[in-house]
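K.L.:
One structure coming up, written as structure tokens, with questions to follow.
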Amino acid sequence: MSAHSEKSGVLYLVPTPLDFGIAQDAPAPPGQWLPAETLSATSRLTHWVTENAKSTRAFLKRVEAVAGLAVPLQAQHIVELPRAAHKKGDHAPQPDSDAQARELLAPALSGHDMGLVSEAGMPAIADPGSSVVRAAHALGLRVVPLTGPVSLMLALAASGLNGQNFAFVGYVPQDTSERAQRLRELEATALKTGQTQIFIETPYRNAALLQALLQTLHPHTRLAVCGALTLPQQVCHSALVSEWKRKAGRQDSLPLDAPCVFLLGR
């Protein structure tokens, strides 16, 4: 491992509001979700590694309106993670992706502080970016996570499920039979160990996943769904599967066209 140099930059993990991709006439200023210290640190950065350059520019434009930017938006140095990190993820160590991540951090080795940012929420949590964090540690760079919204933790807190023992398992299969099998496996783990199982889906498949859950899970299993977290239309419902089925209106009130977090357990 490389020794940290006092001349090296810092890698900041910059959280963003959870409203990316959700149509709003007037998005709330980022200060509604991000504390002043996070906005201040963000405004000072000029070099970025991002999941999506377009969404990062939109985020920085919102930051500029309330905290200013060290250099104009057009002069910000923004590079995207490799395409493979988007398609296959970069959470597990891989020689190729980790080597590419080191190259992306070259400005930090030259003394520039850098920001790692995803489209919404905290980078490297249910989003790409882990390879960059691993590379920063390997290069001896200081890694600083900034405070901001993390949908998985907000949903867990609002679910009433076990917050002492939980697992985020990512996405479940799209194939109907494979999805049902995976849901039964997650349910069995949750009921046997008490470990809350947390997973997500792309918004246009949220409704199908909810129906699969209600058709597959046992009546006494607790299911929680939290959608559009931090937004005005946010809804969190948590109940036994039998209660979900008895109160169909509960399903109708969920913003299933927005990002949702699904949780199951005892």
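Labels for the structure tokens follow display order: chains A, B, ..., residues from 1 in each chain, ligands from 1.
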Do you know which residues are at most 10 Å from A:Leu154 counting only C-alpha atoms, after dropping those on the same chain fewer than 2 positions away, and could you put them as a list of chain:residue names?
P.N.:
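That gives A:Pro149, A:Val150, A:Ser151, A:Leu152, A:Leu156, A:Ala157, A:Ala158, A:Ser159, A:Cys226, A:Leu229, A:Thr230, A:Cys236, A:Val261.
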K.L.:
Distance table requested - stretch 102-174 of chain A against stretch 181-203 of chain A, cut-off 10 Å, only C-alpha atoms: one row per qualifying residue with the closest atom pair and its distance in Å to one decimal, ordered by chain and rising residue number, as JSON lines.
P.N.:
```
{"residue": "A:Ala126", "atom": "CA", "partner": "A:Ile200", "partner_atom": "CA", "distance": 8.7}
{"residue": "A:Leu152", "atom": "CA", "partner": "A:Ile198", "partner_atom": "CA", "distance": 7.6}
{"residue": "A:Met153", "atom": "CA", "partner": "A:Ile198", "partner_atom": "CA", "distance": 9.8}
{"residue": "A:Ala155", "atom": "CA", "partner": "A:Ile198", "partner_atom": "CA", "distance": 9.0}
{"residue": "A:Leu156", "atom": "CA", "partner": "A:Ile198", "partner_atom": "CA", "distance": 8.0}
{"residue": "A:Ser159", "atom": "CA", "partner": "A:Thr196", "partner_atom": "CA", "distance": 9.8}
{"residue": "A:Leu161", "atom": "CA", "partner": "A:Thr196", "partner_atom": "CA", "distance": 6.4}
{"residue": "A:Asn162", "atom": "CA", "partner": "A:Thr196", "partner_atom": "CA", "distance": 5.6}
{"residue": "A:Gly163", "atom": "CA", "partner": "A:Thr196", "partner_atom": "CA", "distance": 7.4}
{"residue": "A:Gln164", "atom": "CA", "partner": "A:Gln195", "partner_atom": "CA", "distance": 8.1}
{"residue": "A:Asn165", "atom": "CA", "partner": "A:Gln195", "partner_atom": "CA", "distance": 4.9}
{"residue": "A:Phe166", "atom": "CA", "partner": "A:Thr196", "partner_atom": "CA", "distance": 4.3}
{"residue": "A:Ala167", "atom": "CA", "partner": "A:Gln197", "partner_atom": "CA", "distance": 5.2}
{"residue": "A:Phe168", "atom": "CA", "partner": "A:Ile198", "partner_atom": "CA", "distance": 4.6}
{"residue": "A:Val169", "atom": "CA", "partner": "A:Phe199", "partner_atom": "CA", "distance": 5.5}
{"residue": "A:Gly170", "atom": "CA", "partner": "A:Phe199", "partner_atom": "CA", "distance": 5.0}
{"residue": "A:Tyr171", "atom": "CA", "partner": "A:Ile200", "partner_atom": "CA", "distance": 5.4}
{"residue": "A:Val172", "atom": "CA", "partner": "A:Arg182", "partner_atom": "CA", "distance": 6.8}
{"residue": "A:Pro173", "atom": "CA", "partner": "A:Arg182", "partner_atom": "CA", "distance": 7.4}
{"residue": "A:Gln174", "atom": "CA", "partner": "A:Glu201", "partner_atom": "CA", "distance": 9.5}
```
K.L.:
Output N, CA, C and O atoms of each residue in that selection to a file, as a PDB file, in the first residue's frame.
P.N.:
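Written out: part.pdb:
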```
ATOM      1  N   ALA A 126     -25.362   0.700  -3.192  1.00  0.00           N
ATOM      2  CA  ALA A 126     -26.384   0.372  -4.201  1.00  0.00           C
ATOM      3  C   ALA A 126     -26.153   1.158  -5.481  1.00  0.00           C
ATOM      4  O   ALA A 126     -27.077   1.345  -6.271  1.00  0.00           O
ATOM      5  N   LEU A 152     -31.462   3.328   1.608  1.00  0.00           N
ATOM      6  CA  LEU A 152     -31.567   2.031   2.274  1.00  0.00           C
ATOM      7  C   LEU A 152     -31.728   2.203   3.780  1.00  0.00           C
ATOM      8  O   LEU A 152     -32.536   1.518   4.419  1.00  0.00           O
ATOM      9  N   MET A 153     -30.963   3.113   4.367  1.00  0.00           N
ATOM     10  CA  MET A 153     -31.033   3.312   5.812  1.00  0.00           C
ATOM     11  C   MET A 153     -32.308   4.050   6.211  1.00  0.00           C
ATOM     12  O   MET A 153     -32.901   3.757   7.257  1.00  0.00           O
ATOM     13  N   ALA A 155     -35.163   3.773   4.681  1.00  0.00           N
ATOM     14  CA  ALA A 155     -36.227   2.776   4.587  1.00  0.00           C
ATOM     15  C   ALA A 155     -36.173   1.802   5.749  1.00  0.00           C
ATOM     16  O   ALA A 155     -37.213   1.433   6.320  1.00  0.00           O
ATOM     17  N   LEU A 156     -34.990   1.365   6.121  1.00  0.00           N
ATOM     18  CA  LEU A 156     -34.853   0.423   7.236  1.00  0.00           C
ATOM     19  C   LEU A 156     -35.379   1.048   8.522  1.00  0.00           C
ATOM     20  O   LEU A 156     -36.114   0.404   9.284  1.00  0.00           O
ATOM     21  N   SER A 159     -39.162   1.057   8.572  1.00  0.00           N
ATOM     22  CA  SER A 159     -39.847  -0.214   8.314  1.00  0.00           C
ATOM     23  C   SER A 159     -40.373  -0.915   9.555  1.00  0.00           C
ATOM     24  O   SER A 159     -41.292  -1.733   9.476  1.00  0.00           O
ATOM     25  N   LEU A 161     -38.646  -3.099  10.957  1.00  0.00           N
ATOM     26  CA  LEU A 161     -37.957  -4.378  10.907  1.00  0.00           C
ATOM     27  C   LEU A 161     -36.629  -4.296  11.657  1.00  0.00           C
ATOM     28  O   LEU A 161     -36.226  -3.224  12.110  1.00  0.00           O
ATOM     29  N   ASN A 162     -35.954  -5.424  11.770  1.00  0.00           N
ATOM     30  CA  ASN A 162     -34.728  -5.535  12.562  1.00  0.00           C
ATOM     31  C   ASN A 162     -33.632  -4.635  12.003  1.00  0.00           C
ATOM     32  O   ASN A 162     -33.115  -4.864  10.909  1.00  0.00           O
ATOM     33  N   GLY A 163     -33.256  -3.616  12.758  1.00  0.00           N
ATOM     34  CA  GLY A 163     -32.190  -2.720  12.356  1.00  0.00           C
ATOM     35  C   GLY A 163     -30.852  -3.082  12.951  1.00  0.00           C
ATOM     36  O   GLY A 163     -29.862  -2.377  12.730  1.00  0.00           O
ATOM     37  N   GLN A 164     -30.804  -4.183  13.723  1.00  0.00           N
ATOM     38  CA  GLN A 164     -29.550  -4.655  14.313  1.00  0.00           C
ATOM     39  C   GLN A 164     -28.899  -5.731  13.454  1.00  0.00           C
ATOM     40  O   GLN A 164     -27.705  -5.997  13.567  1.00  0.00           O
ATOM     41  N   ASN A 165     -29.678  -6.353  12.595  1.00  0.00           N
ATOM     42  CA  ASN A 165     -29.178  -7.430  11.754  1.00  0.00           C
ATOM     43  C   ASN A 165     -29.916  -7.353  10.422  1.00  0.00           C
ATOM     44  O   ASN A 165     -31.113  -7.659  10.338  1.00  0.00           O
ATOM     45  N   PHE A 166     -29.225  -6.915   9.386  1.00  0.00           N
ATOM     46  CA  PHE A 166     -29.881  -6.729   8.092  1.00  0.00           C
ATOM     47  C   PHE A 166     -28.871  -6.939   6.971  1.00  0.00           C
ATOM     48  O   PHE A 166     -27.652  -6.883   7.176  1.00  0.00           O
ATOM     49  N   ALA A 167     -29.392  -7.191   5.765  1.00  0.00           N
ATOM     50  CA  ALA A 167     -28.551  -7.400   4.598  1.00  0.00           C
ATOM     51  C   ALA A 167     -29.194  -6.737   3.390  1.00  0.00           C
ATOM     52  O   ALA A 167     -30.404  -6.868   3.166  1.00  0.00           O
ATOM     53  N   PHE A 168     -28.376  -6.029   2.622  1.00  0.00           N
ATOM     54  CA  PHE A 168     -28.834  -5.498   1.342  1.00  0.00           C
ATOM     55  C   PHE A 168     -28.400  -6.485   0.271  1.00  0.00           C
ATOM     56  O   PHE A 168     -27.207  -6.780   0.127  1.00  0.00           O
ATOM     57  N   VAL A 169     -29.362  -6.980  -0.491  1.00  0.00           N
ATOM     58  CA  VAL A 169     -29.068  -8.050  -1.463  1.00  0.00           C
ATOM     59  C   VAL A 169     -29.202  -7.578  -2.908  1.00  0.00           C
ATOM     60  O   VAL A 169     -29.189  -8.396  -3.827  1.00  0.00           O
ATOM     61  N   GLY A 170     -29.319  -6.276  -3.118  1.00  0.00           N
ATOM     62  CA  GLY A 170     -29.349  -5.749  -4.480  1.00  0.00           C
ATOM     63  C   GLY A 170     -30.669  -6.003  -5.177  1.00  0.00           C
ATOM     64  O   GLY A 170     -31.752  -5.795  -4.621  1.00  0.00           O
ATOM     65  N   TYR A 171     -30.582  -6.483  -6.418  1.00  0.00           N
ATOM     66  CA  TYR A 171     -31.765  -6.749  -7.231  1.00  0.00           C
ATOM     67  C   TYR A 171     -32.119  -8.235  -7.196  1.00  0.00           C
ATOM     68  O   TYR A 171     -31.240  -9.082  -7.019  1.00  0.00           O
ATOM     69  N   VAL A 172     -33.382  -8.540  -7.364  1.00  0.00           N
ATOM     70  CA  VAL A 172     -33.816  -9.932  -7.495  1.00  0.00           C
ATOM     71  C   VAL A 172     -34.000 -10.228  -8.977  1.00  0.00           C
ATOM     72  O   VAL A 172     -34.139  -9.309  -9.790  1.00  0.00           O
ATOM     73  N   PRO A 173     -34.012 -11.498  -9.389  1.00  0.00           N
ATOM     74  CA  PRO A 173     -34.126 -11.834 -10.814  1.00  0.00           C
ATOM     75  C   PRO A 173     -35.420 -11.314 -11.443  1.00  0.00           C
ATOM     76  O   PRO A 173     -36.446 -11.160 -10.771  1.00  0.00           O
ATOM     77  N   GLN A 174     -35.374 -11.077 -12.749  1.00  0.00           N
ATOM     78  CA  GLN A 174     -36.559 -10.631 -13.474  1.00  0.00           C
ATOM     79  C   GLN A 174     -37.444 -11.799 -13.897  1.00  0.00           C
ATOM     80  O   GLN A 174     -38.669 -11.655 -13.967  1.00  0.00           O
TER      81      GLN A 174
END
```
K.L.:
Counting only C-alpha atoms, which residue out of A:Asp257, A:Asp98, A:Asp113, A:Asp127 sits closest to A:Asn52?
P.N.:
A:Asp127
K.L.:
Which one is closest to A:Val10: A:Ile78, A:Val144, A:Ala135, A:Leu264? Count only C-alpha atoms.
P.N.:
A:Val144
K.L.:
Which is closest to A:Glu178 among A:Arg62, A:Ala212, A:Leu34, A:Pro145, if we use only C-alpha atoms?
P.N.:
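Closest candidate: A:Ala212.
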K.L.:
Please return as number ranges by chain: the residues of stretch 56-155 of chain A that backbone DSSP assigns to strand (DSSP E).
P.N.:
A: 77-80, 114-117, 142-145
K.L.:
Please dump the current selection as an mmCIF file, in the first residue's frame; keep N, CA, C and O atoms.
P.N.:
```
data_model
loop_
_atom_site.group_PDB
_atom_site.id
_atom_site.type_symbol
_atom_site.label_atom_id
_atom_site.label_comp_id
_atom_site.auth_asym_id
_atom_site.auth_seq_id
_atom_site.Cartn_x
_atom_site.Cartn_y
_atom_site.Cartn_z
ATOM 1 N N HIS A 77 -13.718 19.438 -13.976
ATOM 2 C CA HIS A 77 -13.118 18.260 -14.604
ATOM 3 C C HIS A 77 -13.937 17.039 -14.181
ATOM 4 O O HIS A 77 -13.839 16.590 -13.041
ATOM 5 N N ILE A 78 -14.759 16.518 -15.097
ATOM 6 C CA ILE A 78 -15.689 15.430 -14.781
ATOM 7 C C ILE A 78 -15.393 14.231 -15.676
ATOM 8 O O ILE A 78 -15.419 14.342 -16.902
ATOM 9 N N VAL A 79 -15.099 13.081 -15.055
ATOM 10 C CA VAL A 79 -14.877 11.848 -15.813
ATOM 11 C C VAL A 79 -15.854 10.791 -15.296
ATOM 12 O O VAL A 79 -16.163 10.732 -14.108
ATOM 13 N N GLU A 80 -16.334 9.966 -16.207
ATOM 14 C CA GLU A 80 -17.300 8.926 -15.846
ATOM 15 C C GLU A 80 -16.602 7.606 -15.552
ATOM 16 O O GLU A 80 -15.544 7.300 -16.114
ATOM 17 N N MET A 114 -10.806 15.415 -4.837
ATOM 18 C CA MET A 114 -11.736 14.901 -5.826
ATOM 19 C C MET A 114 -13.044 14.487 -5.168
ATOM 20 O O MET A 114 -13.068 14.143 -3.987
ATOM 21 N N GLY A 115 -14.104 14.511 -5.970
ATOM 22 C CA GLY A 115 -15.397 14.059 -5.492
ATOM 23 C C GLY A 115 -15.850 12.836 -6.265
ATOM 24 O O GLY A 115 -15.681 12.774 -7.486
ATOM 25 N N LEU A 116 -16.396 11.864 -5.555
ATOM 26 C CA LEU A 116 -17.030 10.696 -6.171
ATOM 27 C C LEU A 116 -18.527 10.858 -5.978
ATOM 28 O O LEU A 116 -18.994 11.080 -4.852
ATOM 29 N N VAL A 117 -19.289 10.763 -7.065
ATOM 30 C CA VAL A 117 -20.716 11.033 -6.976
ATOM 31 C C VAL A 117 -21.477 10.074 -7.873
ATOM 32 O O VAL A 117 -21.005 9.667 -8.932
ATOM 33 N N ARG A 142 -6.596 9.840 1.383
ATOM 34 C CA ARG A 142 -7.584 9.964 2.449
ATOM 35 C C ARG A 142 -8.979 9.926 1.830
ATOM 36 O O ARG A 142 -9.240 10.580 0.821
ATOM 37 N N VAL A 143 -9.874 9.134 2.424
ATOM 38 C CA VAL A 143 -11.247 8.992 1.948
ATOM 39 C C VAL A 143 -12.185 9.589 2.984
ATOM 40 O O VAL A 143 -12.151 9.191 4.155
ATOM 41 N N VAL A 144 -13.031 10.528 2.561
ATOM 42 C CA VAL A 144 -13.928 11.226 3.488
ATOM 43 C C VAL A 144 -15.359 11.137 2.984
ATOM 44 O O VAL A 144 -15.699 11.751 1.954
ATOM 45 N N PRO A 145 -16.234 10.381 3.655
ATOM 46 C CA PRO A 145 -17.653 10.368 3.271
ATOM 47 C C PRO A 145 -18.359 11.588 3.844
ATOM 48 O O PRO A 145 -18.222 11.912 5.023
#
```
K.L.:
Which residue gives the smallest distance to A:Trp33 among A:Gly265, A:Gly160, A:Pro82, A:Pro15, with only C-alpha atoms counted?
P.N.:
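Closest to A:Trp33 of all the choices is A:Pro15.
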K.L.:
Give the helix (DSSP H, G or I) residues of stretch 120-243 of chain A, as assigned by DSSP on the backbone, as an NGL selection string.
P.N.:
:A and (130-138 or 151-159 or 176-193 or 203-216 or 241-243)
K.L.:
Measuring between only C-alpha atoms, which one of A:Gly21, A:Pro95, A:Pro107, A:Pro29 shows the shortest distance to A:Pro259?
P.N.:
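Looking at the shortest contact to A:Pro259, the residue is A:Gly21.
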K.L.:
Which residues are near A:Ala136? Cut-off 12 Å, only C-alpha atoms, ignore same chain within fewer than 3 positions. Put them as a VMD selection string.
P.N.:
chain A and resid 1 to 4 8 to 13 49 98 to 109 113 to 116 129 to 133 139 to 144
K.L.:
For A:Arg222, which of A:Ser118, A:Leu256, A:Lys245, A:Leu263 is the closest residue, counting only C-alpha atoms?
P.N.:
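With only C-alpha atoms as the atom set, the closest residue is A:Leu263.
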K.L.:
At what distance in Å, to one decimal, does atom CA of A:Gln233 lie from atom CA of A:Ser43?
P.N.:
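These atoms are spaced 28.8 Å apart.
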K.L.:
Using only C-alpha atoms, determine which residues lie at most 10 Å from A:Ser55, disregarding the query and same-chain residues fewer than 4 positions distant; provide the list as a PyMOL selection string.
P.N.:
chain A and resi 16+20-21+50-51+59-61+117-120
K.L.:
Given the selection you just returned, output its residues as a file containing all heavy atoms, formatted as an mmCIF file, in the first residue's frame.
P.N.:
```
data_model
loop_
_atom_site.group_PDB
_atom_site.id
_atom_site.type_symbol
_atom_site.label_atom_id
_atom_site.label_comp_id
_atom_site.auth_asym_id
_atom_site.auth_seq_id
_atom_site.Cartn_x
_atom_site.Cartn_y
_atom_site.Cartn_z
ATOM 1 N N THR A 16 -25.932 12.884 -3.073
ATOM 2 C CA THR A 16 -26.790 13.788 -3.833
ATOM 3 C C THR A 16 -28.248 13.553 -3.445
ATOM 4 O O THR A 16 -28.595 12.493 -2.910
ATOM 5 C CB THR A 16 -26.621 13.566 -5.345
ATOM 6 O OG1 THR A 16 -26.899 12.201 -5.652
ATOM 7 C CG2 THR A 16 -25.206 13.895 -5.793
ATOM 8 N N PHE A 20 -33.313 12.305 -8.350
ATOM 9 C CA PHE A 20 -32.858 12.163 -9.729
ATOM 10 C C PHE A 20 -33.838 11.318 -10.541
ATOM 11 O O PHE A 20 -34.254 10.247 -10.125
ATOM 12 C CB PHE A 20 -31.479 11.495 -9.784
ATOM 13 C CG PHE A 20 -30.996 11.231 -11.185
ATOM 14 C CD1 PHE A 20 -30.483 12.259 -11.952
ATOM 15 C CD2 PHE A 20 -31.106 9.973 -11.749
ATOM 16 C CE1 PHE A 20 -30.062 12.029 -13.256
ATOM 17 C CE2 PHE A 20 -30.684 9.733 -13.048
ATOM 18 C CZ PHE A 20 -30.165 10.775 -13.808
ATOM 19 N N GLY A 21 -34.202 11.830 -11.732
ATOM 20 C CA GLY A 21 -35.084 11.093 -12.613
ATOM 21 C C GLY A 21 -36.551 11.187 -12.265
ATOM 22 O O GLY A 21 -37.385 10.562 -12.922
ATOM 23 N N THR A 50 -17.657 10.255 -11.703
ATOM 24 C CA THR A 50 -19.109 10.192 -11.601
ATOM 25 C C THR A 50 -19.693 8.955 -12.268
ATOM 26 O O THR A 50 -19.081 8.322 -13.119
ATOM 27 C CB THR A 50 -19.763 11.435 -12.264
ATOM 28 O OG1 THR A 50 -19.756 11.264 -13.686
ATOM 29 C CG2 THR A 50 -19.032 12.698 -11.897
ATOM 30 N N GLU A 51 -20.895 8.645 -11.848
ATOM 31 C CA GLU A 51 -21.671 7.601 -12.524
ATOM 32 C C GLU A 51 -22.202 8.130 -13.843
ATOM 33 O O GLU A 51 -22.224 7.424 -14.850
ATOM 34 C CB GLU A 51 -22.826 7.151 -11.632
ATOM 35 C CG GLU A 51 -23.700 6.078 -12.247
ATOM 36 C CD GLU A 51 -24.863 5.679 -11.354
ATOM 37 O OE1 GLU A 51 -25.043 6.263 -10.269
ATOM 38 O OE2 GLU A 51 -25.609 4.759 -11.758
ATOM 39 N N PHE A 59 -26.533 18.419 -10.833
ATOM 40 C CA PHE A 59 -26.366 18.541 -9.383
ATOM 41 C C PHE A 59 -25.502 19.752 -9.044
ATOM 42 O O PHE A 59 -25.836 20.553 -8.155
ATOM 43 C CB PHE A 59 -25.749 17.263 -8.835
ATOM 44 C CG PHE A 59 -25.256 17.352 -7.422
ATOM 45 C CD1 PHE A 59 -26.120 17.666 -6.381
ATOM 46 C CD2 PHE A 59 -23.914 17.135 -7.124
ATOM 47 C CE1 PHE A 59 -25.659 17.754 -5.069
ATOM 48 C CE2 PHE A 59 -23.444 17.216 -5.830
ATOM 49 C CZ PHE A 59 -24.320 17.527 -4.801
ATOM 50 N N LEU A 60 -24.382 19.920 -9.744
ATOM 51 C CA LEU A 60 -23.487 21.038 -9.458
ATOM 52 C C LEU A 60 -24.156 22.382 -9.762
ATOM 53 O O LEU A 60 -23.885 23.384 -9.087
ATOM 54 C CB LEU A 60 -22.195 20.894 -10.255
ATOM 55 C CG LEU A 60 -21.272 19.753 -9.824
ATOM 56 C CD1 LEU A 60 -20.073 19.654 -10.746
ATOM 57 C CD2 LEU A 60 -20.817 19.960 -8.376
ATOM 58 N N LYS A 61 -25.030 22.397 -10.744
ATOM 59 C CA LYS A 61 -25.768 23.626 -11.037
ATOM 60 C C LYS A 61 -26.659 24.010 -9.870
ATOM 61 O O LYS A 61 -26.792 25.194 -9.524
ATOM 62 C CB LYS A 61 -26.599 23.441 -12.309
ATOM 63 C CG LYS A 61 -27.265 24.709 -12.806
ATOM 64 C CD LYS A 61 -27.942 24.485 -14.144
ATOM 65 C CE LYS A 61 -28.572 25.777 -14.664
ATOM 66 N NZ LYS A 61 -29.224 25.563 -15.989
ATOM 67 N N VAL A 117 -19.289 10.763 -7.065
ATOM 68 C CA VAL A 117 -20.716 11.033 -6.976
ATOM 69 C C VAL A 117 -21.477 10.074 -7.873
ATOM 70 O O VAL A 117 -21.005 9.667 -8.932
ATOM 71 C CB VAL A 117 -21.015 12.510 -7.361
ATOM 72 C CG1 VAL A 117 -20.681 12.785 -8.804
ATOM 73 C CG2 VAL A 117 -22.448 12.892 -7.068
ATOM 74 N N SER A 118 -22.670 9.642 -7.418
ATOM 75 C CA SER A 118 -23.550 8.812 -8.235
ATOM 76 C C SER A 118 -24.783 9.629 -8.607
ATOM 77 O O SER A 118 -24.869 10.819 -8.302
ATOM 78 C CB SER A 118 -23.932 7.527 -7.481
ATOM 79 O OG SER A 118 -24.602 7.825 -6.288
ATOM 80 N N GLU A 119 -25.730 9.001 -9.277
ATOM 81 C CA GLU A 119 -26.888 9.756 -9.757
ATOM 82 C C GLU A 119 -27.800 10.191 -8.620
ATOM 83 O O GLU A 119 -28.450 11.229 -8.700
ATOM 84 C CB GLU A 119 -27.662 8.926 -10.775
ATOM 85 C CG GLU A 119 -26.894 8.761 -12.084
ATOM 86 C CD GLU A 119 -27.659 8.007 -13.138
ATOM 87 O OE1 GLU A 119 -28.495 7.158 -12.771
ATOM 88 O OE2 GLU A 119 -27.422 8.251 -14.327
ATOM 89 N N ALA A 120 -27.879 9.386 -7.571
ATOM 90 C CA ALA A 120 -28.734 9.743 -6.444
ATOM 91 C C ALA A 120 -28.242 9.021 -5.196
ATOM 92 O O ALA A 120 -27.849 7.856 -5.267
ATOM 93 C CB ALA A 120 -30.190 9.370 -6.721
#
```
